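Visitor: data_25.cif is reproduced in full below (mmCIF, C-alpha atoms and all ligand atoms).
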data_my_file
loop_
_atom_site.label_atom_id
_atom_site.label_comp_id
_atom_site.auth_asym_id
_atom_site.auth_seq_id
_atom_site.Cartn_x
_atom_site.Cartn_y
_atom_site.Cartn_z
CA MET A 27 -0.43 4.38 11.93
CA ASN A 28 -2.37 4.82 15.11
CA ILE A 29 -3.40 7.88 17.06
CA GLU A 30 -3.36 7.19 20.79
CA SER A 31 -4.58 10.54 22.03
CA ILE A 32 -5.59 14.02 20.99
CA PHE A 33 -5.28 17.00 23.29
CA LEU A 34 -7.04 20.26 22.42
CA LEU A 35 -6.66 23.57 24.18
CA ASN A 36 -8.70 26.58 23.08
CA PHE A 37 -8.98 25.07 19.64
CA ARG A 38 -12.22 26.29 17.94
CA ASN A 39 -15.07 25.72 20.44
CA TYR A 40 -13.00 23.47 22.75
CA GLY A 41 -11.61 24.54 26.11
CA GLU A 42 -9.40 21.82 27.48
CA GLN A 43 -10.13 18.41 25.99
CA TYR A 44 -8.25 15.13 26.11
CA ILE A 45 -9.45 12.26 23.92
CA GLU A 46 -8.07 8.73 23.91
CA LEU A 47 -8.78 6.93 20.67
CA HIS A 48 -9.64 3.34 19.87
CA PRO A 49 -7.15 1.71 17.45
CA GLY A 50 -10.02 0.87 15.09
CA LEU A 51 -13.19 2.81 14.48
CA ASN A 52 -13.98 5.97 16.47
CA ILE A 53 -17.49 7.34 16.13
CA PHE A 54 -18.16 10.93 17.17
CA TYR A 55 -21.85 11.75 17.08
CA GLY A 56 -23.80 14.80 18.10
CA ASP A 57 -26.10 17.56 16.91
CA ASN A 58 -25.02 20.20 14.45
CA ALA A 59 -22.48 22.84 15.47
CA GLN A 60 -21.22 20.94 18.55
CA GLY A 61 -17.57 20.41 17.51
CA LYS A 62 -17.38 17.14 15.53
CA THR A 63 -15.67 18.54 12.44
CA ASN A 64 -13.37 20.55 14.69
CA ILE A 65 -11.80 17.26 15.83
CA ILE A 66 -11.26 16.15 12.24
CA GLU A 67 -9.84 19.59 11.48
CA ALA A 68 -7.35 19.25 14.36
CA VAL A 69 -6.02 15.96 12.94
CA TYR A 70 -5.79 17.47 9.46
CA LEU A 71 -3.98 20.50 10.88
CA LEU A 72 -1.23 18.23 12.14
CA THR A 73 -1.17 16.35 8.83
CA MET A 74 -0.76 19.28 6.44
CA GLY A 75 0.12 22.15 8.76
CA LYS A 76 -3.08 23.97 7.89
CA SER A 77 -6.83 23.63 8.17
CA HIS A 78 -8.84 21.93 5.44
CA ARG A 79 -11.52 24.60 5.61
CA THR A 80 -9.81 27.93 6.11
CA ASN A 81 -6.52 29.66 5.40
CA ARG A 82 -7.01 32.03 8.32
CA TYR A 83 -5.25 30.57 11.34
CA ASN A 84 -6.87 33.02 13.74
CA GLU A 85 -10.23 31.33 13.18
CA LEU A 86 -8.84 28.21 14.84
CA VAL A 87 -8.22 29.98 18.12
CA LYS A 88 -11.18 29.99 20.49
CA PHE A 89 -13.08 33.28 20.69
CA ASP A 90 -11.63 35.57 23.39
CA GLU A 91 -8.51 33.44 23.79
CA ASN A 92 -5.02 34.10 22.47
CA THR A 93 -3.35 30.73 22.26
CA ALA A 94 -4.62 27.44 20.89
CA ARG A 95 -2.87 24.10 21.08
CA VAL A 96 -3.29 20.72 19.43
CA SER A 97 -1.14 17.80 20.59
CA ILE A 98 -1.41 14.35 19.09
CA LYS A 99 0.41 11.23 20.22
CA PHE A 100 0.63 8.45 17.66
CA THR A 101 2.64 5.41 16.67
CA LYS A 102 3.93 4.70 13.18
CA ASN A 103 5.94 1.64 12.19
CA ASN A 104 6.52 0.90 15.90
CA TYR A 105 7.91 4.38 16.63
CA LYS A 106 6.18 6.79 18.97
CA TYR A 107 5.54 10.36 17.87
CA ASP A 108 4.24 13.39 19.65
CA ILE A 109 3.35 16.44 17.58
CA ASP A 110 2.61 19.63 19.44
CA TYR A 111 1.19 22.57 17.48
CA VAL A 112 0.81 25.95 19.18
CA LEU A 113 -1.05 28.77 17.48
CA LYS A 114 -0.94 32.30 18.81
CA ARG A 115 -3.33 34.88 17.43
CA ASN A 116 -1.55 36.98 14.75
CA LYS A 117 1.78 35.35 15.55
CA SER A 118 3.85 32.63 13.93
CA LYS A 119 3.11 29.00 14.66
CA GLN A 120 5.29 26.83 16.87
CA ILE A 121 5.50 23.13 16.13
CA LYS A 122 7.44 20.48 17.98
CA ILE A 123 7.86 16.87 16.97
CA ASN A 124 9.06 14.70 19.85
CA GLY A 125 10.21 17.84 21.61
CA THR A 126 12.26 19.23 18.72
CA ARG A 127 11.09 22.49 17.27
CA LEU A 128 10.57 22.63 13.49
CA ASN A 129 12.21 25.48 11.59
CA LYS A 130 9.74 25.37 8.73
CA LEU A 131 5.98 24.95 9.11
CA SER A 132 5.94 22.69 6.05
CA ASP A 133 8.27 20.17 7.71
CA ILE A 134 5.23 18.91 9.55
CA ILE A 135 3.89 17.33 6.34
CA GLY A 136 4.49 13.60 5.97
CA ASN A 137 4.65 12.71 9.68
CA LEU A 138 1.04 12.15 10.68
CA ASN A 139 -0.68 10.84 7.57
CA SER A 140 -4.40 11.09 7.07
CA VAL A 141 -6.99 11.03 4.35
CA ILE A 142 -10.02 13.23 4.77
CA PHE A 143 -13.37 12.56 3.16
CA SER A 144 -16.27 14.97 3.53
CA PRO A 145 -19.43 15.61 1.47
CA ASP A 146 -17.77 18.69 0.04
CA HIS A 147 -15.23 16.49 -1.77
CA ILE A 148 -17.78 15.69 -4.47
CA LYS A 149 -16.26 18.86 -5.99
CA ILE A 150 -13.29 16.71 -7.06
CA ILE A 151 -15.63 14.80 -9.34
CA LYS A 152 -18.09 17.51 -10.36
CA ASP A 153 -16.19 20.77 -10.56
CA GLY A 154 -13.58 22.11 -12.96
CA PRO A 155 -9.98 20.90 -13.40
CA SER A 156 -8.51 22.96 -10.56
CA GLU A 157 -10.26 20.80 -7.93
CA ARG A 158 -8.65 17.66 -9.38
CA ARG A 159 -5.25 19.35 -9.56
CA LYS A 160 -5.66 20.27 -5.89
CA PHE A 161 -6.50 16.63 -5.15
CA ILE A 162 -3.30 15.37 -6.83
CA ASP A 163 -1.16 18.14 -5.38
CA SER A 164 -2.18 17.68 -1.78
CA LEU A 165 -1.91 13.89 -1.95
CA LEU A 166 1.52 13.95 -3.60
CA SER A 167 2.69 16.62 -1.16
CA GLN A 168 1.78 14.40 1.76
CA ALA A 169 3.41 11.34 0.20
CA LYS A 170 6.55 13.04 -1.16
CA PRO A 171 8.19 16.05 0.49
CA LYS A 172 10.15 16.77 -2.71
CA TYR A 173 6.94 17.18 -4.63
CA TYR A 174 5.70 19.74 -2.13
CA TYR A 175 8.94 21.70 -2.52
CA CYS A 176 8.80 21.66 -6.34
CA LEU A 177 5.15 22.67 -6.30
CA ASN A 178 5.79 25.71 -4.15
CA GLN A 179 8.81 26.78 -6.17
CA TYR A 180 6.87 26.30 -9.39
CA LEU A 181 3.92 28.40 -8.16
CA LYS A 182 6.25 31.18 -7.05
CA VAL A 183 8.05 31.31 -10.40
CA LEU A 184 4.74 31.10 -12.25
CA SER A 185 3.27 34.07 -10.43
CA GLN A 186 6.45 36.10 -11.01
CA ARG A 187 6.38 35.19 -14.69
CA ASN A 188 2.70 36.12 -14.99
CA PHE A 189 3.34 39.38 -13.20
CA LEU A 190 6.11 40.18 -15.65
CA LEU A 191 3.89 39.29 -18.61
CA SER A 192 1.25 41.70 -17.39
CA SER A 193 3.73 44.52 -16.86
CA ASP A 194 5.29 46.73 -19.51
CA LYS A 195 5.12 44.79 -22.76
CA ASN A 196 7.09 47.28 -24.85
CA ASN A 197 10.08 46.91 -22.65
CA LYS A 198 12.77 44.90 -24.49
CA SER A 199 14.48 43.73 -21.34
CA ILE A 200 11.40 41.70 -20.44
CA GLU A 201 12.57 38.91 -22.76
CA LYS A 202 15.82 38.43 -20.87
CA VAL A 203 14.05 38.08 -17.56
CA LEU A 204 11.57 35.69 -19.16
CA ASP A 205 14.50 33.47 -20.17
CA VAL A 206 15.45 33.17 -16.52
CA TRP A 207 11.92 32.41 -15.34
CA ASP A 208 11.40 29.92 -18.17
CA ASN A 209 14.42 27.91 -17.12
CA GLN A 210 13.16 27.66 -13.57
CA LEU A 211 9.59 26.96 -14.64
CA VAL A 212 10.86 24.05 -16.73
CA GLU A 213 13.08 22.75 -13.94
CA TYR A 214 10.29 22.49 -11.35
CA GLY A 215 7.33 22.04 -13.70
CA SER A 216 8.80 19.03 -15.50
CA ARG A 217 9.19 17.15 -12.23
CA LEU A 218 5.58 17.92 -11.32
CA ILE A 219 4.41 16.60 -14.67
CA LYS A 220 6.47 13.41 -14.35
CA GLU A 221 5.29 12.71 -10.79
CA ARG A 222 1.67 13.37 -11.68
CA GLN A 223 1.86 11.07 -14.70
CA LEU A 224 3.32 8.25 -12.62
CA PHE A 225 0.81 8.87 -9.85
CA THR A 226 -2.16 8.84 -12.24
CA LYS A 227 -1.19 5.41 -13.58
CA ILE A 228 -1.12 4.00 -10.04
CA ILE A 229 -4.34 5.61 -8.85
CA ASP A 230 -6.09 4.69 -12.11
CA LYS A 231 -5.44 1.01 -11.51
CA LYS A 232 -6.35 1.08 -7.82
CA ALA A 233 -9.55 3.10 -8.28
CA ARG A 234 -10.67 0.93 -11.22
CA GLU A 235 -10.44 -2.22 -9.11
CA ILE A 236 -12.30 -0.70 -6.18
CA ASN A 237 -14.99 0.78 -8.40
CA LYS A 238 -15.45 -2.55 -10.15
CA GLU A 239 -16.19 -4.21 -6.82
CA LEU A 240 -18.50 -1.40 -5.76
CA SER A 241 -20.51 -1.63 -8.98
CA GLY A 242 -20.67 -5.42 -9.11
CA GLY A 243 -18.39 -5.46 -12.16
CA LYS A 244 -20.67 -3.23 -14.22
CA GLU A 245 -18.61 -0.08 -14.35
CA ASN A 246 -15.23 0.57 -15.85
CA LEU A 247 -13.48 3.53 -14.29
CA LYS A 248 -10.53 5.18 -16.03
CA ILE A 249 -8.41 8.08 -14.89
CA LYS A 250 -6.13 9.88 -17.31
CA TYR A 251 -3.64 12.68 -16.92
CA LEU A 252 -4.05 15.08 -19.79
CA SER A 253 -1.03 17.23 -20.49
CA PHE A 254 0.57 18.99 -23.44
CA ILE A 255 3.36 16.45 -22.90
CA SER A 256 2.67 12.78 -23.55
CA ASP A 257 3.23 10.36 -20.69
CA ASP A 258 5.87 8.10 -22.25
CA LYS A 259 8.74 10.57 -21.85
CA ASP A 260 11.62 10.64 -19.41
CA ILE A 261 12.38 13.75 -17.40
CA LYS A 262 15.06 15.00 -19.82
CA ASP A 263 12.65 14.89 -22.77
CA ILE A 264 9.89 16.51 -20.74
CA LYS A 265 12.20 19.41 -19.94
CA GLU A 266 13.20 19.88 -23.57
CA GLU A 267 9.62 19.78 -24.78
CA PHE A 268 8.35 22.09 -22.05
CA TYR A 269 11.06 24.65 -22.82
CA LYS A 270 10.27 24.50 -26.53
CA LYS A 271 6.57 24.99 -25.81
CA LEU A 272 7.26 28.05 -23.64
CA LEU A 273 9.32 29.63 -26.41
CA GLU A 274 6.70 28.85 -29.03
CA SER A 275 3.92 30.36 -26.97
CA ARG A 276 5.89 33.34 -25.69
CA SER A 277 4.19 35.88 -27.95
CA LEU A 278 0.77 34.42 -27.10
CA ASP A 279 1.67 34.54 -23.40
CA MET A 280 2.68 38.19 -23.77
CA ARG A 281 -0.53 39.07 -25.54
CA ARG A 282 -2.66 37.33 -22.94
CA SER A 283 -0.46 38.27 -19.96
CA PHE A 284 -0.64 34.68 -18.86
CA THR A 285 1.38 31.43 -19.02
CA ASN A 286 -0.61 29.17 -21.32
CA TYR A 287 1.33 25.91 -20.92
CA GLY A 288 2.49 24.08 -17.84
CA PRO A 289 1.26 21.67 -15.18
CA HIS A 290 -0.99 24.42 -13.81
CA ARG A 291 -3.11 23.90 -16.94
CA ASP A 292 -3.02 20.09 -17.06
CA GLU A 293 -6.13 18.02 -16.40
CA LEU A 294 -7.10 14.85 -14.63
CA ILE A 295 -10.00 13.28 -16.46
CA ILE A 296 -12.21 10.58 -14.97
CA TYR A 297 -14.30 8.29 -17.17
CA ILE A 298 -16.95 5.69 -16.41
CA ASN A 299 -17.46 3.31 -19.30
CA ASP A 300 -15.56 5.75 -21.55
CA LYS A 301 -17.80 8.73 -20.74
CA GLU A 302 -16.58 11.62 -18.63
CA VAL A 303 -18.15 11.10 -15.19
CA ARG A 304 -18.19 14.83 -14.53
CA ASN A 305 -20.66 15.43 -17.36
CA TYR A 306 -22.42 12.11 -17.81
CA GLY A 307 -22.23 10.31 -14.46
CA SER A 308 -25.36 9.90 -12.35
CA GLN A 309 -25.36 11.12 -8.76
CA GLY A 310 -24.79 7.55 -7.50
CA GLN A 311 -21.99 6.89 -10.00
CA GLN A 312 -20.26 10.11 -9.01
CA ARG A 313 -20.43 9.15 -5.34
CA SER A 314 -19.04 5.69 -6.05
CA VAL A 315 -16.19 7.21 -8.04
CA LEU A 316 -15.39 9.58 -5.19
CA LEU A 317 -15.41 6.71 -2.70
CA SER A 318 -13.11 4.70 -5.01
CA LEU A 319 -10.79 7.67 -5.34
CA LYS A 320 -10.64 8.23 -1.58
CA LEU A 321 -9.97 4.57 -0.84
CA SER A 322 -7.23 4.54 -3.50
CA GLU A 323 -5.76 7.53 -1.72
CA VAL A 324 -5.62 5.47 1.49
CA GLU A 325 -3.87 2.61 -0.34
CA TYR A 326 -1.48 4.97 -2.11
CA ILE A 327 -0.30 6.50 1.17
CA LYS A 328 0.11 3.03 2.65
CA ASP A 329 2.32 2.02 -0.32
CA GLU A 330 4.39 5.21 -0.22
CA LYS A 331 4.76 5.60 3.55
CA GLY A 332 4.73 1.99 4.65
CA SER A 333 1.83 2.41 7.08
CA TRP A 334 -1.89 3.01 6.78
CA PRO A 335 -3.03 6.63 7.11
CA ILE A 336 -5.80 7.66 9.51
CA LEU A 337 -9.10 7.90 7.66
CA LEU A 338 -11.20 10.94 8.56
CA LEU A 339 -14.82 10.47 7.53
CA ASP A 340 -16.69 13.69 8.16
CA ASP A 341 -20.44 13.23 7.76
CA VAL A 342 -20.13 10.98 4.73
CA PHE A 343 -21.04 7.59 6.12
CA SER A 344 -24.74 8.23 6.42
CA GLU A 345 -24.84 9.46 2.83
CA LEU A 346 -23.78 6.07 1.53
CA ASP A 347 -26.32 3.31 0.93
CA LYS A 348 -26.07 0.02 2.87
CA THR A 349 -23.99 -1.75 0.22
CA ARG A 350 -21.42 1.04 0.10
CA GLN A 351 -21.37 1.36 3.88
CA SER A 352 -20.55 -2.32 4.38
CA PHE A 353 -18.01 -2.19 1.54
CA LEU A 354 -16.30 0.73 3.23
CA ILE A 355 -16.31 -1.00 6.63
CA SER A 356 -14.78 -4.18 5.22
CA PHE A 357 -12.20 -2.21 3.23
CA ILE A 358 -10.95 -0.27 6.21
CA LYS A 359 -10.43 -3.05 8.71
CA ASN A 360 -6.69 -2.28 8.95
CA VAL A 361 -7.18 1.44 9.23
CA GLN A 362 -7.87 3.67 12.19
CA VAL A 363 -10.95 5.73 11.44
CA ILE A 364 -12.43 8.88 12.92
CA LEU A 365 -16.01 9.10 11.82
CA THR A 366 -18.52 11.84 12.55
CA CYS A 367 -22.28 11.67 12.21
CA THR A 368 -25.39 13.27 13.63
CA ASP A 369 -27.39 10.07 13.97
CA PHE A 370 -25.52 7.17 15.51
CA GLU A 371 -28.56 4.85 15.35
CA SER A 372 -28.69 4.91 11.55
CA LEU A 373 -25.18 3.57 11.04
CA HIS A 374 -25.17 0.05 9.65
CA LEU A 375 -22.12 -1.38 11.31
CA VAL A 376 -21.03 -4.91 10.66
CA ASN A 377 -21.05 -7.07 13.79
CA ASP A 378 -17.37 -7.92 13.88
CA VAL A 379 -16.19 -4.31 13.91
CA ASN A 380 -14.64 -2.96 17.12
CA TYR A 381 -15.35 0.64 17.86
CA SER A 382 -15.65 3.37 20.46
CA VAL A 383 -18.43 5.88 20.57
CA TYR A 384 -18.20 9.47 21.76
CA ASN A 385 -20.91 12.06 22.11
CA VAL A 386 -19.93 15.63 21.22
CA ARG A 387 -21.86 18.38 23.01
CA ASN A 388 -21.03 22.05 23.01
CA GLY A 389 -17.26 21.67 22.68
CA LYS A 390 -16.99 18.67 25.00
CA VAL A 391 -16.45 15.02 24.21
CA TYR A 392 -18.12 12.31 26.34
CA ARG A 393 -16.99 8.74 25.86
CA LYS A 394 -19.93 6.33 25.84
N1 LIG B 401 -12.73 30.11 16.95
C1 LIG B 401 -13.84 29.61 17.52
N2 LIG B 401 -14.10 29.81 18.83
C2 LIG B 401 -15.21 29.31 19.41
N3 LIG B 401 -16.13 28.58 18.73
C3 LIG B 401 -15.91 28.34 17.44
C4 LIG B 401 -14.77 28.83 16.75
N4 LIG B 401 -14.82 28.43 15.47
C5 LIG B 401 -15.94 27.71 15.35
N5 LIG B 401 -16.61 27.65 16.52
C6 LIG B 401 -17.88 26.96 16.81
O1 LIG B 401 -17.72 25.59 16.56
C7 LIG B 401 -18.98 25.06 16.16
C8 LIG B 401 -18.85 24.29 14.87
O2 LIG B 401 -18.11 23.17 15.11
P1 LIG B 401 -18.10 22.00 14.04
O3 LIG B 401 -17.92 22.54 12.68
O4 LIG B 401 -17.11 21.03 14.53
O5 LIG B 401 -19.58 21.45 14.18
P2 LIG B 401 -20.13 20.00 13.83
O6 LIG B 401 -20.43 19.30 15.13
O7 LIG B 401 -19.26 19.33 12.88
O8 LIG B 401 -21.52 20.39 13.18
P3 LIG B 401 -22.26 19.83 11.85
O9 LIG B 401 -22.96 18.58 12.26
O10 LIG B 401 -23.21 20.94 11.54
O11 LIG B 401 -21.23 19.64 10.80
C9 LIG B 401 -19.91 26.21 15.95
O12 LIG B 401 -20.77 26.28 17.05
C10 LIG B 401 -18.98 27.41 15.90
O13 LIG B 401 -19.59 28.56 16.37
MG MG B 402 -19.40 19.03 10.83
#
How would this structure read if it were set down as structure tokens?
Guide:
Amino acid sequence: MNIESIFLLNFRNYGEQYIELHPGLNIFYGDNAQGKTNIIEAVYLLTMGKSHRTNRYNELVKFDENTARVSIKFTKNNYKYDIDYVLKRNKSKQIKINGTRLNKLSDIIGNLNSVIFSPDHIKIIKDGPSERRKFIDSLLSQAKPKYYYCLNQYLKVLSQRNFLLSSDKNNKSIEKVLDVWDNQLVEYGSRLIKERQLFTKIIDKKAREINKELSGGKENLKIKYLSFISDDKDIKDIKEEFYKKLLESRSLDMRRSFTNYGPHRDELIIYINDKEVRNYGSQGQQRSVLLSLKLSEVEYIKDEKGSWPILLLDDVFSELDKTRQSFLISFIKNVQVILTCTDFESLHLVNDVNYSVYNVRNGKVYRK
């Protein structure tokens, strides 16, 4: 996959900006608060339909303006694409792919594929289980539209079920409605569990290999999906077991006004040499694991979609030591990269890498 050009209009601090990209590495450097991350955000917006840093679309529209636009032209598997995203303050979004208007915002997902990596992502390694569930969910949503659909249906049913559990508990009719919700929860939830289990096996293998190389063979990374349902079951058995579990825990659920079992409670656990990296990993180990995870994400999308995603490296390159920087550069030779940094001079680029450099100043991009 290759982005040829990005056009921004009244997006964040940009007025009118056209950027042609290099097919390899693109380095955007500049002082703080000039608009580097805004470019990454624009690419992510056209990947997932929303920003990676806010849920409020109005924030994306330039102050004192009413309409923002992001248009990206790219090629994928020899086909040309043109995604045009128009955002009007307090109004619905309008998206066109190759001139055809999308009916649903979520139909944008899966067209322009990208993997974003910013310093903030260390949360995936360090924080609680919900960050790792978010990691799986957004990756699987990008790779498989069906997953995204099931996830949204599941979350809707779950919140309705929880709402019911917290309402009038003495009401007998509640049980009948619960039967209906439980059936739907099982239908969607079981598919989520199955997909996540399969995904974890793939990413576990990929990340282990990458991490082994990064650590000179010293570290053994393992990733496991921890669920109330073991991972050797087919979808039919998962459904049966999930349904049974919901019935068993119904009185507990009613007491706690909460659904205690389901993929929303499952865990992704990451180990280095059999110890949980979240609790026992050093700073450096945690960073290596995150890098391994992100590079596995790139490979996973390539396998699923048949072409390499764009890699968005926001301010992370300079945080890596020389060994990890050159590892990253050699790993991504097939991938188009958008990289941001404040200090261009401190990048340790390998000689045989082709790249373009852009300076970002006050919402304007100057090609060097
Ligand atoms: N809706 C908006 N309209 C105008 N300007 C905005 C809007 N939203 C954000 N900005 C401005 O964009 C700038 C931040 O851009 P961005 O996050 O891309 O900076 P950056 O170059 O990545 O900086 P850093 O190196 O600190 O990460 C800030 O100056 C902010 O005030
Ligand atoms: Mg930034």
Visitor: Identify, counting only C-alpha atoms and all ligand atoms, the protein, DNA and RNA residues located within 7 Å of ligand MG 402 (chain B), and give them as a list in words.
Guide: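 The residues within 7 Å of ligand MG 402 (chain B), counting only C-alpha atoms and all ligand atoms, are Asn58, Ala59, Lys62, Thr63, Asp340 and Asp341 of chain A.
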Visitor: Please find the residues contacting ligand LIG 401 (chain B) at a distance of at most 7 Å between atoms, with all atoms listed in the file counted, and report them as a ChimeraX atom specification.
Guide: /A:37-39,56-65,85-89,367-368
Visitor: Rank nothing, just name the residue among A:Leu273, A:Ile219, A:Ile364, A:Leu278 nearest to Asp257 in chain A, using all atoms listed in the file.
Guide: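 Of A:Leu273, A:Ile219, A:Ile364, A:Leu278, the one nearest Asp257 in chain A, counting all atoms listed in the file, is A:Ile219.
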Visitor: For CA of Trp207 in chain A and CA of Arg276 in chain A, determine how far apart the two atoms are, in Å to one decimal place.
Guide: 12.0 Å
Visitor: Could the residues of range 150-187 of chain A that have an atom at most 12 Å from range 297-320 of chain A be listed as a tab-separated table, each with its closest atom pair and the distance in Å to one decimal, counting only C-alpha atoms and ordered by chain and ascending residue number?
Guide:
residue	atom	partner	partner_atom	distance
A:Ile150	CA	A:Leu316	CA	7.7
A:Ile151	CA	A:Arg304	CA	5.8
A:Lys152	CA	A:Arg304	CA	5.0
A:Asp153	CA	A:Arg304	CA	7.4
A:Gly154	CA	A:Arg304	CA	8.8
A:Pro155	CA	A:Arg304	CA	10.3
A:Glu157	CA	A:Arg304	CA	11.9
A:Arg158	CA	A:Leu319	CA	11.0
A:Phe161	CA	A:Leu319	CA	9.9
A:Ile162	CA	A:Leu319	CA	10.8
A:Leu165	CA	A:Lys320	CA	10.4
Visitor: Can you list every residue of range 34-54 of chain A that has an atom at most 7 Å from range 381-392 of chain A, with its nearest atom pair and the distance in Å to one decimal, using all atoms listed in the file, ordered by chain then number, as a Markdown table?
Guide:
| residue | atom | partner | partner_atom | distance |
| --- | --- | --- | --- | --- |
| A:Asn39 | CA | A:Gly389 | CA | 5.1 |
| A:Tyr40 | CA | A:Gly389 | CA | 4.6 |
| A:Gln43 | CA | A:Lys390 | CA | 6.9 |
| A:His48 | CA | A:Ser382 | CA | 6.0 |
| A:Gly50 | CA | A:Tyr381 | CA | 6.0 |
| A:Leu51 | CA | A:Tyr381 | CA | 4.6 |
| A:Asn52 | CA | A:Ser382 | CA | 5.0 |
| A:Ile53 | CA | A:Val383 | CA | 4.8 |
| A:Phe54 | CA | A:Tyr384 | CA | 4.8 |
Visitor: Pick out the residues sitting within 8 Å of Ser132 in chain A, and hand them over as a ChimeraX atom specification; count all atoms listed in the file, and ignore anything fewer than 3 positions along from it in its own chain.
Guide: /A:74-75,135
